[in-house]
$ cat final.txt   # compact mmCIF, C-alpha atoms
# COMPACT_ATOMS: atom_id res chain seq x y z
CA MET A 174 78.89 132.92 55.89
CA ASP A 175 78.45 134.56 59.28
CA ILE A 176 81.22 133.36 61.58
CA GLU A 177 79.01 133.95 64.62
CA ASP A 178 76.96 130.94 63.46
CA LEU A 179 79.93 128.59 63.76
CA ALA A 180 80.14 126.23 66.73
CA THR A 181 83.05 126.71 69.13
CA ASP A 182 84.87 123.62 67.90
CA GLU A 183 84.61 124.84 64.31
CA LYS A 184 85.93 128.28 65.24
CA ILE A 185 88.86 126.63 67.00
CA LYS A 186 89.54 124.38 64.03
CA TYR A 187 89.66 127.32 61.59
CA VAL A 188 91.88 129.37 63.90
CA GLN A 189 94.21 126.36 64.19
CA ASP A 190 94.30 126.06 60.38
CA THR A 191 95.25 129.73 60.07
CA LEU A 192 97.84 129.52 62.83
CA PHE A 193 99.37 126.50 61.14
CA VAL A 194 100.10 128.66 58.09
CA VAL A 195 101.04 132.01 59.67
CA SER A 196 102.30 131.11 63.13
CA GLY A 197 105.87 131.38 64.27
CA LYS A 198 108.18 134.28 64.58
CA TRP A 199 109.05 134.82 60.91
CA LYS A 200 106.44 133.97 58.27
CA LEU A 201 104.31 137.11 58.41
CA PRO A 202 107.28 139.48 58.83
CA ILE A 203 108.85 137.88 55.74
CA LEU A 204 105.63 138.27 53.75
CA ILE A 205 105.35 141.92 54.81
CA ALA A 206 108.96 142.60 53.80
CA ILE A 207 108.47 140.99 50.37
CA SER A 208 105.16 142.72 49.73
CA GLN A 209 106.73 146.07 50.62
CA GLY A 210 109.38 145.64 47.97
CA SER A 211 112.20 143.46 49.32
CA GLU A 212 112.49 140.93 46.51
CA ARG A 213 116.05 139.66 46.88
CA PHE A 214 117.20 137.26 49.59
CA ARG A 215 119.61 139.74 51.21
CA ASP A 216 117.04 142.54 51.14
CA ILE A 217 114.50 140.31 52.87
CA GLN A 218 117.09 139.26 55.44
CA ARG A 219 117.94 142.90 56.19
CA SER A 220 114.26 143.77 56.60
CA VAL A 221 113.52 140.97 59.07
CA PRO A 222 116.14 141.10 61.82
CA PRO A 223 117.59 139.06 63.35
CA ILE A 224 116.78 136.12 61.02
CA THR A 225 119.63 133.83 60.01
CA THR A 226 120.35 132.78 56.42
CA ARG A 227 119.53 129.19 57.21
CA VAL A 228 116.14 129.97 58.80
CA LEU A 229 115.14 132.48 56.10
CA SER A 230 115.93 129.89 53.45
CA LYS A 231 113.73 127.30 55.15
CA GLU A 232 110.88 129.74 55.75
CA LEU A 233 110.90 130.90 52.11
CA LYS A 234 110.61 127.27 51.01
CA ASP A 235 107.64 126.71 53.34
CA LEU A 236 105.92 129.87 52.10
CA GLU A 237 106.50 128.79 48.50
CA GLN A 238 104.94 125.39 49.22
CA ASN A 239 101.93 127.10 50.81
CA LYS A 240 101.56 129.16 47.61
CA LEU A 241 102.05 132.44 49.46
CA VAL A 242 105.40 133.27 47.83
CA ARG A 243 106.64 132.87 44.27
CA ARG A 244 110.30 132.28 43.51
CA THR A 245 111.48 133.36 40.07
CA VAL A 246 114.92 132.49 38.75
CA TYR A 247 116.21 134.75 35.96
CA ASP A 248 118.62 133.05 33.61
CA THR A 249 121.08 135.92 33.66
CA SER A 250 124.74 135.92 34.54
CA PRO A 251 124.99 135.87 37.46
CA VAL A 252 121.63 134.18 38.04
CA VAL A 253 119.11 136.46 39.78
CA VAL A 254 116.50 135.03 42.14
CA GLU A 255 113.47 137.15 43.01
CA TYR A 256 110.76 136.53 45.55
CA THR A 257 107.29 138.02 45.17
CA VAL A 258 104.05 137.49 47.06
CA SER A 259 101.30 135.57 45.27
CA PRO A 260 97.85 137.03 44.65
CA TYR A 261 96.61 134.56 47.28
CA CYS A 262 98.97 136.09 49.82
CA LYS A 263 97.04 139.35 49.54
CA SER A 264 94.10 137.61 51.21
CA LEU A 265 96.12 137.83 54.43
CA LYS A 266 96.02 141.64 54.48
CA PRO A 267 92.95 142.11 56.76
CA LEU A 268 94.50 139.63 59.21
CA VAL A 269 97.89 141.33 59.16
CA ASP A 270 96.26 144.75 59.58
CA GLU A 271 94.48 143.48 62.69
CA MET A 272 97.78 142.16 64.02
CA ILE A 273 99.45 145.53 63.52
CA LYS A 274 96.56 147.31 65.26
CA TRP A 275 96.64 144.88 68.16
CA GLY A 276 100.41 145.20 68.44
CA VAL A 277 100.18 149.00 68.60
CA ASN A 278 97.51 148.80 71.28
CA HIS A 279 99.37 146.09 73.21
CA ARG A 280 102.52 148.19 73.36
CA LYS A 281 100.49 151.09 74.81
CA LYS A 282 98.90 148.73 77.32
CA VAL A 283 102.23 147.29 78.37
CA THR A 284 103.99 150.65 78.71
CA GLU A 285 101.19 152.30 80.69
CA SER A 286 101.09 149.61 83.39
CA MET B 15 96.48 156.18 64.02
CA ASP B 16 96.41 155.03 60.41
CA ILE B 17 98.48 151.88 60.09
CA GLU B 18 99.18 152.66 56.43
CA ASP B 19 101.40 155.52 57.69
CA LEU B 20 103.70 153.13 59.52
CA ALA B 21 107.08 152.25 58.00
CA THR B 22 107.66 148.63 56.99
CA ASP B 23 110.00 147.96 59.91
CA GLU B 24 107.42 149.32 62.35
CA LYS B 25 104.68 147.14 60.84
CA ILE B 26 106.94 144.13 61.18
CA LYS B 27 107.78 145.00 64.77
CA TYR B 28 104.11 145.26 65.77
CA VAL B 29 103.22 142.02 64.01
CA GLN B 30 106.10 140.32 65.82
CA ASP B 31 104.83 141.70 69.13
CA THR B 32 101.37 140.30 68.44
CA LEU B 33 102.71 136.95 67.27
CA PHE B 34 104.80 136.73 70.42
CA VAL B 35 101.59 136.79 72.47
CA VAL B 36 99.19 134.76 70.30
CA SER B 37 101.44 132.51 68.25
CA GLY B 38 101.71 128.78 68.65
CA LYS B 39 99.21 126.03 68.31
CA TRP B 40 97.26 126.50 71.51
CA LYS B 41 96.92 130.00 72.98
CA LEU B 42 94.09 131.32 70.83
CA PRO B 43 92.14 128.05 70.81
CA ILE B 44 92.35 128.02 74.62
CA LEU B 45 91.14 131.63 74.82
CA ILE B 46 88.25 130.84 72.47
CA ALA B 47 87.26 127.80 74.54
CA ILE B 48 87.30 129.79 77.80
CA SER B 49 85.44 132.74 76.32
CA GLN B 50 82.76 130.38 75.00
CA GLY B 51 82.10 129.01 78.46
CA SER B 52 84.68 126.35 79.28
CA GLU B 53 85.82 127.56 82.68
CA ARG B 54 87.18 124.40 84.31
CA PHE B 55 90.50 122.80 83.42
CA ARG B 56 88.95 119.56 82.14
CA ASP B 57 86.33 121.42 80.09
CA ILE B 58 89.03 123.50 78.43
CA GLN B 59 91.08 120.39 77.74
CA ARG B 60 88.09 118.67 76.13
CA SER B 61 87.41 121.73 73.94
CA VAL B 62 90.96 121.98 72.61
CA PRO B 63 91.98 118.55 71.36
CA PRO B 64 94.52 117.02 71.43
CA ILE B 65 96.21 119.16 74.12
CA THR B 66 97.93 117.36 76.98
CA THR B 67 97.43 118.20 80.65
CA ARG B 68 101.03 119.31 80.98
CA VAL B 69 100.91 121.66 77.98
CA LEU B 70 97.51 123.13 78.90
CA SER B 71 98.78 123.83 82.39
CA LYS B 72 101.81 125.68 81.03
CA GLU B 73 99.80 127.64 78.45
CA LEU B 74 97.25 128.74 81.06
CA LYS B 75 100.10 130.06 83.21
CA ASP B 76 101.53 132.03 80.25
CA LEU B 77 98.11 133.47 79.42
CA GLU B 78 97.61 134.47 83.05
CA GLN B 79 100.99 136.24 83.06
CA ASN B 80 100.04 138.09 79.87
CA LYS B 81 96.86 139.24 81.63
CA LEU B 82 94.63 137.51 79.09
CA VAL B 83 93.24 134.91 81.50
CA ARG B 84 92.17 135.16 85.13
CA ARG B 85 92.43 132.22 87.48
CA THR B 86 90.07 132.22 90.43
CA VAL B 87 90.35 129.73 93.27
CA TYR B 88 87.17 129.16 95.29
CA ASP B 89 87.77 128.15 98.87
CA THR B 90 85.22 125.36 98.76
CA SER B 91 85.64 121.69 99.54
CA PRO B 92 86.88 120.39 97.20
CA VAL B 93 88.62 123.56 95.98
CA VAL B 94 87.21 124.82 92.67
CA VAL B 95 89.45 126.58 90.15
CA GLU B 96 87.85 128.63 87.41
CA TYR B 97 89.41 130.29 84.40
CA THR B 98 87.86 133.32 82.75
CA VAL B 99 89.07 135.69 80.05
CA SER B 100 90.06 139.18 81.12
CA PRO B 101 88.43 142.31 79.71
CA TYR B 102 91.73 142.92 77.89
CA CYS B 103 91.41 139.56 76.18
CA LYS B 104 88.30 140.83 74.42
CA SER B 105 90.52 143.21 72.44
CA LEU B 106 91.67 140.13 70.51
CA LYS B 107 88.20 139.52 69.02
CA PRO B 108 88.68 141.38 65.69
CA LEU B 109 91.97 139.52 65.20
CA VAL B 110 90.46 136.14 66.01
CA ASP B 111 87.48 136.85 63.73
CA GLU B 112 89.88 137.55 60.85
CA MET B 113 91.68 134.29 61.60
CA ILE B 114 88.42 132.36 61.46
CA LYS B 115 87.49 134.03 58.16
CA TRP B 116 90.89 133.32 56.66
CA GLY B 117 90.76 129.72 57.86
CA VAL B 118 87.34 129.19 56.25
CA ASN B 119 88.60 130.68 52.98
CA HIS B 120 91.88 128.74 53.13
CA ARG B 121 90.06 125.45 53.54
CA LYS B 122 87.99 126.23 50.43
CA LYS B 123 91.13 127.19 48.55
CA VAL B 124 92.92 124.01 49.57
CA THR B 125 90.02 121.68 48.78
CA GLU B 126 89.27 123.20 45.38
CA SER B 127 92.83 122.78 44.05

$ encode --input "final.txt" --output "structure tokens"
Amino acid sequence: MDIEDLATDEKIKYVQDTLFVVSGKWKLPILIAISQGSERFRDIQRSVPPITTRVLSKELKDLEQNKLVRRTVYDTSPVVVEYTVSPYCKSLKPLVDEMIKWGVNHRKKVTES
Amino acid sequence: MDIEDLATDEKIKYVQDTLFVVSGKWKLPILIAISQGSERFRDIQRSVPPITTRVLSKELKDLEQNKLVRRTVYDTSPVVVEYTVSPYCKSLKPLVDEMIKWGVNHRKKVTES
């Protein structure tokens, strides 16, 4: 499908759908941290400052419900809980890459003016 | 610059910068509506349902401060106020296109399961 063929209201609707899933201060940073190897709660928390325990816990639950994160509990002693990104989460990569690029450019823009 | 060379914490920082500007339910939909030809307040409001007058007014002010939207007042009778996107706003297009694509794909994903 060519997105240029979409009507304005359709474009807006799809952007709103996407924003509903990835918007907010934390969700994408958490997904980046997990995908880059932070699999334990404390590791994720350290990688995404300054998120609180309470907020990280809530966000991980949301991401699990949206099928972007998988939570695995290992029946060891003590119990180990690991978070990994789902295969579906990888579909966000082109979007996240564009966000990084825009962020780099925006910082240049802001500092030069 | 190759974004793959960035460290995880830098990637997260740039994504957070970008989210700070474009996050939330309304900013990108408003920018899309304006860039597609809705230049008057009421036209924008109609294009981005169900935004309230109060919220649209606040969001337009934020977007103007971030240099993404220009507000022009024509000294006619009655006074005409027009909103247009800035040249800088156009730098968001690749990001918005990725959001539309992801939204289209996400809808398919959600409806098929």

$ interface_residues --input "final.txt" --of "chain A" --to "chain B" --cutoff "10 Å" --atoms "all atoms listed in the file" --output "PDB file with C-alpha atoms, keeping the file's coordinate frame"
ATOM      1  CA  MET A 174      78.890 132.920  55.890  1.00  0.00           C
ATOM      2  CA  ASP A 175      78.450 134.560  59.280  1.00  0.00           C
ATOM      3  CA  ILE A 176      81.220 133.360  61.580  1.00  0.00           C
ATOM      4  CA  GLU A 177      79.010 133.950  64.620  1.00  0.00           C
ATOM      5  CA  LEU A 179      79.930 128.590  63.760  1.00  0.00           C
ATOM      6  CA  ALA A 180      80.140 126.230  66.730  1.00  0.00           C
ATOM      7  CA  THR A 181      83.050 126.710  69.130  1.00  0.00           C
ATOM      8  CA  ASP A 182      84.870 123.620  67.900  1.00  0.00           C
ATOM      9  CA  GLU A 183      84.610 124.840  64.310  1.00  0.00           C
ATOM     10  CA  LYS A 184      85.930 128.280  65.240  1.00  0.00           C
ATOM     11  CA  ILE A 185      88.860 126.630  67.000  1.00  0.00           C
ATOM     12  CA  LYS A 186      89.540 124.380  64.030  1.00  0.00           C
ATOM     13  CA  TYR A 187      89.660 127.320  61.590  1.00  0.00           C
ATOM     14  CA  VAL A 188      91.880 129.370  63.900  1.00  0.00           C
ATOM     15  CA  GLN A 189      94.210 126.360  64.190  1.00  0.00           C
ATOM     16  CA  ASP A 190      94.300 126.060  60.380  1.00  0.00           C
ATOM     17  CA  THR A 191      95.250 129.730  60.070  1.00  0.00           C
ATOM     18  CA  LEU A 192      97.840 129.520  62.830  1.00  0.00           C
ATOM     19  CA  PHE A 193      99.370 126.500  61.140  1.00  0.00           C
ATOM     20  CA  VAL A 194     100.100 128.660  58.090  1.00  0.00           C
ATOM     21  CA  VAL A 195     101.040 132.010  59.670  1.00  0.00           C
ATOM     22  CA  SER A 196     102.300 131.110  63.130  1.00  0.00           C
ATOM     23  CA  GLY A 197     105.870 131.380  64.270  1.00  0.00           C
ATOM     24  CA  LYS A 198     108.180 134.280  64.580  1.00  0.00           C
ATOM     25  CA  TRP A 199     109.050 134.820  60.910  1.00  0.00           C
ATOM     26  CA  LYS A 200     106.440 133.970  58.270  1.00  0.00           C
ATOM     27  CA  LEU A 201     104.310 137.110  58.410  1.00  0.00           C
ATOM     28  CA  PRO A 202     107.280 139.480  58.830  1.00  0.00           C
ATOM     29  CA  ILE A 203     108.850 137.880  55.740  1.00  0.00           C
ATOM     30  CA  LEU A 204     105.630 138.270  53.750  1.00  0.00           C
ATOM     31  CA  ILE A 205     105.350 141.920  54.810  1.00  0.00           C
ATOM     32  CA  ALA A 206     108.960 142.600  53.800  1.00  0.00           C
ATOM     33  CA  SER A 208     105.160 142.720  49.730  1.00  0.00           C
ATOM     34  CA  GLN A 209     106.730 146.070  50.620  1.00  0.00           C
ATOM     35  CA  GLY A 210     109.380 145.640  47.970  1.00  0.00           C
ATOM     36  CA  SER A 220     114.260 143.770  56.600  1.00  0.00           C
ATOM     37  CA  VAL A 221     113.520 140.970  59.070  1.00  0.00           C
ATOM     38  CA  PRO A 222     116.140 141.100  61.820  1.00  0.00           C
ATOM     39  CA  ASN A 239     101.930 127.100  50.810  1.00  0.00           C
ATOM     40  CA  TYR A 261      96.610 134.560  47.280  1.00  0.00           C
ATOM     41  CA  SER A 264      94.100 137.610  51.210  1.00  0.00           C
ATOM     42  CA  LEU A 265      96.120 137.830  54.430  1.00  0.00           C
ATOM     43  CA  LYS A 266      96.020 141.640  54.480  1.00  0.00           C
ATOM     44  CA  PRO A 267      92.950 142.110  56.760  1.00  0.00           C
ATOM     45  CA  LEU A 268      94.500 139.630  59.210  1.00  0.00           C
ATOM     46  CA  VAL A 269      97.890 141.330  59.160  1.00  0.00           C
ATOM     47  CA  ASP A 270      96.260 144.750  59.580  1.00  0.00           C
ATOM     48  CA  GLU A 271      94.480 143.480  62.690  1.00  0.00           C
ATOM     49  CA  MET A 272      97.780 142.160  64.020  1.00  0.00           C
ATOM     50  CA  ILE A 273      99.450 145.530  63.520  1.00  0.00           C
ATOM     51  CA  LYS A 274      96.560 147.310  65.260  1.00  0.00           C
ATOM     52  CA  TRP A 275      96.640 144.880  68.160  1.00  0.00           C
ATOM     53  CA  GLY A 276     100.410 145.200  68.440  1.00  0.00           C
ATOM     54  CA  VAL A 277     100.180 149.000  68.600  1.00  0.00           C
ATOM     55  CA  ASN A 278      97.510 148.800  71.280  1.00  0.00           C
ATOM     56  CA  HIS A 279      99.370 146.090  73.210  1.00  0.00           C
ATOM     57  CA  ARG A 280     102.520 148.190  73.360  1.00  0.00           C
ATOM     58  CA  LYS A 282      98.900 148.730  77.320  1.00  0.00           C
ATOM     59  CA  VAL A 283     102.230 147.290  78.370  1.00  0.00           C
TER      60      VAL A 283
END

$ calpha_fit_and_write --input "final.txt" --fixed "chain A" --moving "chain B" --output "mmCIF file with C-alpha atoms, in the frame of the given file"
data_model
loop_
_atom_site.group_PDB
_atom_site.id
_atom_site.type_symbol
_atom_site.label_atom_id
_atom_site.label_comp_id
_atom_site.auth_asym_id
_atom_site.auth_seq_id
_atom_site.Cartn_x
_atom_site.Cartn_y
_atom_site.Cartn_z
ATOM 1 C CA MET B 15 78.883 132.959 55.896
ATOM 2 C CA ASP B 16 78.451 134.561 59.303
ATOM 3 C CA ILE B 17 81.221 133.356 61.581
ATOM 4 C CA GLU B 18 79.018 133.928 64.633
ATOM 5 C CA ASP B 19 76.957 130.925 63.437
ATOM 6 C CA LEU B 20 79.918 128.582 63.735
ATOM 7 C CA ALA B 21 80.144 126.218 66.714
ATOM 8 C CA THR B 22 83.039 126.711 69.129
ATOM 9 C CA ASP B 23 84.879 123.620 67.900
ATOM 10 C CA GLU B 24 84.604 124.829 64.305
ATOM 11 C CA LYS B 25 85.936 128.276 65.246
ATOM 12 C CA ILE B 26 88.851 126.630 66.999
ATOM 13 C CA LYS B 27 89.541 124.384 64.028
ATOM 14 C CA TYR B 28 89.664 127.315 61.593
ATOM 15 C CA VAL B 29 91.885 129.358 63.892
ATOM 16 C CA GLN B 30 94.217 126.369 64.190
ATOM 17 C CA ASP B 31 94.298 126.058 60.399
ATOM 18 C CA THR B 32 95.245 129.720 60.072
ATOM 19 C CA LEU B 33 97.838 129.531 62.834
ATOM 20 C CA PHE B 34 99.359 126.502 61.144
ATOM 21 C CA VAL B 35 100.101 128.663 58.096
ATOM 22 C CA VAL B 36 101.030 132.016 59.671
ATOM 23 C CA SER B 37 102.272 131.125 63.133
ATOM 24 C CA GLY B 38 105.841 131.400 64.286
ATOM 25 C CA LYS B 39 108.176 134.299 64.559
ATOM 26 C CA TRP B 40 109.032 134.813 60.917
ATOM 27 C CA LYS B 41 106.439 133.953 58.261
ATOM 28 C CA LEU B 42 104.315 137.090 58.407
ATOM 29 C CA PRO B 43 107.262 139.462 58.830
ATOM 30 C CA ILE B 44 108.854 137.871 55.749
ATOM 31 C CA LEU B 45 105.628 138.253 53.755
ATOM 32 C CA ILE B 46 105.345 141.897 54.821
ATOM 33 C CA ALA B 47 108.952 142.582 53.810
ATOM 34 C CA ILE B 48 108.475 140.986 50.373
ATOM 35 C CA SER B 49 105.152 142.698 49.757
ATOM 36 C CA GLN B 50 106.727 146.053 50.630
ATOM 37 C CA GLY B 51 109.386 145.625 47.979
ATOM 38 C CA SER B 52 112.183 143.447 49.334
ATOM 39 C CA GLU B 53 112.489 140.936 46.518
ATOM 40 C CA ARG B 54 116.058 139.662 46.882
ATOM 41 C CA PHE B 55 117.198 137.249 49.576
ATOM 42 C CA ARG B 56 119.606 139.717 51.203
ATOM 43 C CA ASP B 57 117.034 142.528 51.153
ATOM 44 C CA ILE B 58 114.493 140.305 52.877
ATOM 45 C CA GLN B 59 117.075 139.248 55.441
ATOM 46 C CA ARG B 60 117.942 142.878 56.192
ATOM 47 C CA SER B 61 114.244 143.756 56.612
ATOM 48 C CA VAL B 62 113.519 140.964 59.084
ATOM 49 C CA PRO B 63 116.149 141.111 61.811
ATOM 50 C CA PRO B 64 117.608 139.043 63.358
ATOM 51 C CA ILE B 65 116.782 136.126 61.017
ATOM 52 C CA THR B 66 119.620 133.825 60.001
ATOM 53 C CA THR B 67 120.352 132.777 56.425
ATOM 54 C CA ARG B 68 119.524 129.173 57.216
ATOM 55 C CA VAL B 69 116.149 129.967 58.802
ATOM 56 C CA LEU B 70 115.139 132.464 56.099
ATOM 57 C CA SER B 71 115.949 129.893 53.450
ATOM 58 C CA LYS B 72 113.746 127.299 55.144
ATOM 59 C CA GLU B 73 110.873 129.732 55.749
ATOM 60 C CA LEU B 74 110.905 130.898 52.121
ATOM 61 C CA LYS B 75 110.622 127.268 51.009
ATOM 62 C CA ASP B 76 107.631 126.702 53.337
ATOM 63 C CA LEU B 77 105.931 129.869 52.096
ATOM 64 C CA GLU B 78 106.501 128.807 48.494
ATOM 65 C CA GLN B 79 104.937 125.403 49.219
ATOM 66 C CA ASN B 80 101.929 127.114 50.808
ATOM 67 C CA LYS B 81 101.558 129.158 47.612
ATOM 68 C CA LEU B 82 102.064 132.439 49.454
ATOM 69 C CA VAL B 83 105.404 133.285 47.833
ATOM 70 C CA ARG B 84 106.650 132.877 44.275
ATOM 71 C CA ARG B 85 110.298 132.301 43.505
ATOM 72 C CA THR B 86 111.476 133.365 40.077
ATOM 73 C CA VAL B 87 114.915 132.509 38.741
ATOM 74 C CA TYR B 88 116.219 134.766 35.963
ATOM 75 C CA ASP B 89 118.617 133.080 33.595
ATOM 76 C CA THR B 90 121.081 135.947 33.671
ATOM 77 C CA SER B 91 124.753 135.935 34.546
ATOM 78 C CA PRO B 92 124.996 135.901 37.486
ATOM 79 C CA VAL B 93 121.629 134.195 38.048
ATOM 80 C CA VAL B 94 119.103 136.475 39.766
ATOM 81 C CA VAL B 95 116.496 135.046 42.137
ATOM 82 C CA GLU B 96 113.481 137.148 43.010
ATOM 83 C CA TYR B 97 110.754 136.537 45.548
ATOM 84 C CA THR B 98 107.293 138.016 45.172
ATOM 85 C CA VAL B 99 104.041 137.482 47.046
ATOM 86 C CA SER B 100 101.311 135.558 45.271
ATOM 87 C CA PRO B 101 97.856 137.003 44.625
ATOM 88 C CA TYR B 102 96.598 134.555 47.271
ATOM 89 C CA CYS B 103 98.957 136.081 49.805
ATOM 90 C CA LYS B 104 97.035 139.339 49.530
ATOM 91 C CA SER B 105 94.083 137.617 51.214
ATOM 92 C CA LEU B 106 96.116 137.833 54.431
ATOM 93 C CA LYS B 107 96.014 141.657 54.477
ATOM 94 C CA PRO B 108 92.959 142.113 56.765
ATOM 95 C CA LEU B 109 94.499 139.628 59.209
ATOM 96 C CA VAL B 110 97.893 141.313 59.161
ATOM 97 C CA ASP B 111 96.270 144.744 59.579
ATOM 98 C CA GLU B 112 94.483 143.492 62.707
ATOM 99 C CA MET B 113 97.788 142.159 64.022
ATOM 100 C CA ILE B 114 99.446 145.530 63.514
ATOM 101 C CA LYS B 115 96.558 147.296 65.270
ATOM 102 C CA TRP B 116 96.637 144.876 68.177
ATOM 103 C CA GLY B 117 100.410 145.198 68.451
ATOM 104 C CA VAL B 118 100.186 149.006 68.587
ATOM 105 C CA ASN B 119 97.504 148.795 71.282
ATOM 106 C CA HIS B 120 99.379 146.097 73.217
ATOM 107 C CA ARG B 121 102.523 148.196 73.343
ATOM 108 C CA LYS B 122 100.508 151.091 74.800
ATOM 109 C CA LYS B 123 98.905 148.749 77.302
ATOM 110 C CA VAL B 124 102.248 147.311 78.358
ATOM 111 C CA THR B 125 104.009 150.665 78.687
ATOM 112 C CA GLU B 126 101.218 152.330 80.655
ATOM 113 C CA SER B 127 101.105 149.650 83.379
#

$ residues_around --input "final.txt" --residues "B:Arg85" --least-positions-apart "2" --cutoff "7 Å" --atoms "all atoms listed in the file" --output "PDB file with C-alpha atoms, keeping the file's coordinate frame"
ATOM      1  CA  VAL B  83      93.240 134.910  81.500  1.00  0.00           C
ATOM      2  CA  VAL B  87      90.350 129.730  93.270  1.00  0.00           C
ATOM      3  CA  VAL B  95      89.450 126.580  90.150  1.00  0.00           C
ATOM      4  CA  GLU B  96      87.850 128.630  87.410  1.00  0.00           C
ATOM      5  CA  TYR B  97      89.410 130.290  84.400  1.00  0.00           C
ATOM      6  CA  THR B  98      87.860 133.320  82.750  1.00  0.00           C
TER       7      THR B  98
END

$ atom_distance --input "final.txt" --atom1 "atom CA of B:Pro64" --atom2 "atom CA of A:Leu236"
25.9 Å

$ atom_distance --input "final.txt" --atom1 "atom CA of A:Leu229" --atom2 "atom CA of B:Asp76"
27.7 Å

$ atom_distance --input "final.txt" --atom1 "atom CA of A:Ser259" --atom2 "atom CA of A:Ile207"
10.3 Å

$ closest_residue --input "final.txt" --among "A:Lys231, A:Lys281, A:Arg219, A:Lys240" --to "A:Pro260" --atoms "only C-alpha atoms"
A:Lys240

$ decode --input "final.txt" --residues "stretch 197-202 of chain A" --atoms "all heavy atoms" --output "PDB file, in the first residue's frame"
ATOM      1  N   GLY A 197       4.302   8.723  25.073  1.00  0.00           N
ATOM      2  CA  GLY A 197       4.691   8.824  26.469  1.00  0.00           C
ATOM      3  C   GLY A 197       6.200   8.805  26.581  1.00  0.00           C
ATOM      4  O   GLY A 197       6.911   8.526  25.625  1.00  0.00           O
ATOM      5  N   LYS A 198       6.633   9.108  27.758  1.00  0.00           N
ATOM      6  CA  LYS A 198       8.051   9.342  27.986  1.00  0.00           C
ATOM      7  C   LYS A 198       8.865   8.049  28.017  1.00  0.00           C
ATOM      8  O   LYS A 198      10.066   8.060  27.800  1.00  0.00           O
ATOM      9  CB  LYS A 198       8.154  10.029  29.361  1.00  0.00           C
ATOM     10  CG  LYS A 198       9.351  10.892  29.569  1.00  0.00           C
ATOM     11  CD  LYS A 198       9.203  11.643  30.885  1.00  0.00           C
ATOM     12  CE  LYS A 198      10.552  12.213  31.317  1.00  0.00           C
ATOM     13  NZ  LYS A 198      10.477  12.839  32.629  1.00  0.00           N
ATOM     14  N   TRP A 199       8.228   6.904  28.303  1.00  0.00           N
ATOM     15  CA  TRP A 199       9.013   5.729  28.706  1.00  0.00           C
ATOM     16  C   TRP A 199       8.983   4.528  27.781  1.00  0.00           C
ATOM     17  O   TRP A 199       9.940   3.756  27.729  1.00  0.00           O
ATOM     18  CB  TRP A 199       8.557   5.273  30.095  1.00  0.00           C
ATOM     19  CG  TRP A 199       8.667   6.338  31.120  1.00  0.00           C
ATOM     20  CD1 TRP A 199       7.636   6.919  31.803  1.00  0.00           C
ATOM     21  CD2 TRP A 199       9.862   6.988  31.584  1.00  0.00           C
ATOM     22  NE1 TRP A 199       8.123   7.875  32.672  1.00  0.00           N
ATOM     23  CE2 TRP A 199       9.479   7.937  32.542  1.00  0.00           C
ATOM     24  CE3 TRP A 199      11.221   6.841  31.269  1.00  0.00           C
ATOM     25  CZ2 TRP A 199      10.403   8.749  33.191  1.00  0.00           C
ATOM     26  CZ3 TRP A 199      12.142   7.637  31.915  1.00  0.00           C
ATOM     27  CH2 TRP A 199      11.725   8.589  32.872  1.00  0.00           C
ATOM     28  N   LYS A 200       7.874   4.297  27.072  1.00  0.00           N
ATOM     29  CA  LYS A 200       7.707   2.991  26.411  1.00  0.00           C
ATOM     30  C   LYS A 200       8.833   2.671  25.441  1.00  0.00           C
ATOM     31  O   LYS A 200       9.422   1.594  25.505  1.00  0.00           O
ATOM     32  CB  LYS A 200       6.341   2.898  25.723  1.00  0.00           C
ATOM     33  CG  LYS A 200       5.197   2.812  26.726  1.00  0.00           C
ATOM     34  CD  LYS A 200       3.953   2.222  26.137  1.00  0.00           C
ATOM     35  CE  LYS A 200       2.890   2.015  27.211  1.00  0.00           C
ATOM     36  NZ  LYS A 200       2.449   3.274  27.839  1.00  0.00           N
ATOM     37  N   LEU A 201       9.145   3.587  24.523  1.00  0.00           N
ATOM     38  CA  LEU A 201      10.206   3.277  23.563  1.00  0.00           C
ATOM     39  C   LEU A 201      11.576   3.165  24.230  1.00  0.00           C
ATOM     40  O   LEU A 201      12.321   2.228  23.935  1.00  0.00           O
ATOM     41  CB  LEU A 201      10.222   4.299  22.421  1.00  0.00           C
ATOM     42  CG  LEU A 201       9.056   4.184  21.432  1.00  0.00           C
ATOM     43  CD1 LEU A 201       9.186   5.230  20.340  1.00  0.00           C
ATOM     44  CD2 LEU A 201       8.985   2.795  20.807  1.00  0.00           C
ATOM     45  N   PRO A 202      11.937   4.086  25.140  1.00  0.00           N
ATOM     46  CA  PRO A 202      13.211   3.893  25.842  1.00  0.00           C
ATOM     47  C   PRO A 202      13.302   2.529  26.535  1.00  0.00           C
ATOM     48  O   PRO A 202      14.350   1.886  26.499  1.00  0.00           O
ATOM     49  CB  PRO A 202      13.229   5.047  26.852  1.00  0.00           C
ATOM     50  CG  PRO A 202      12.478   6.136  26.148  1.00  0.00           C
ATOM     51  CD  PRO A 202      11.360   5.437  25.418  1.00  0.00           C
TER      52      PRO A 202
END
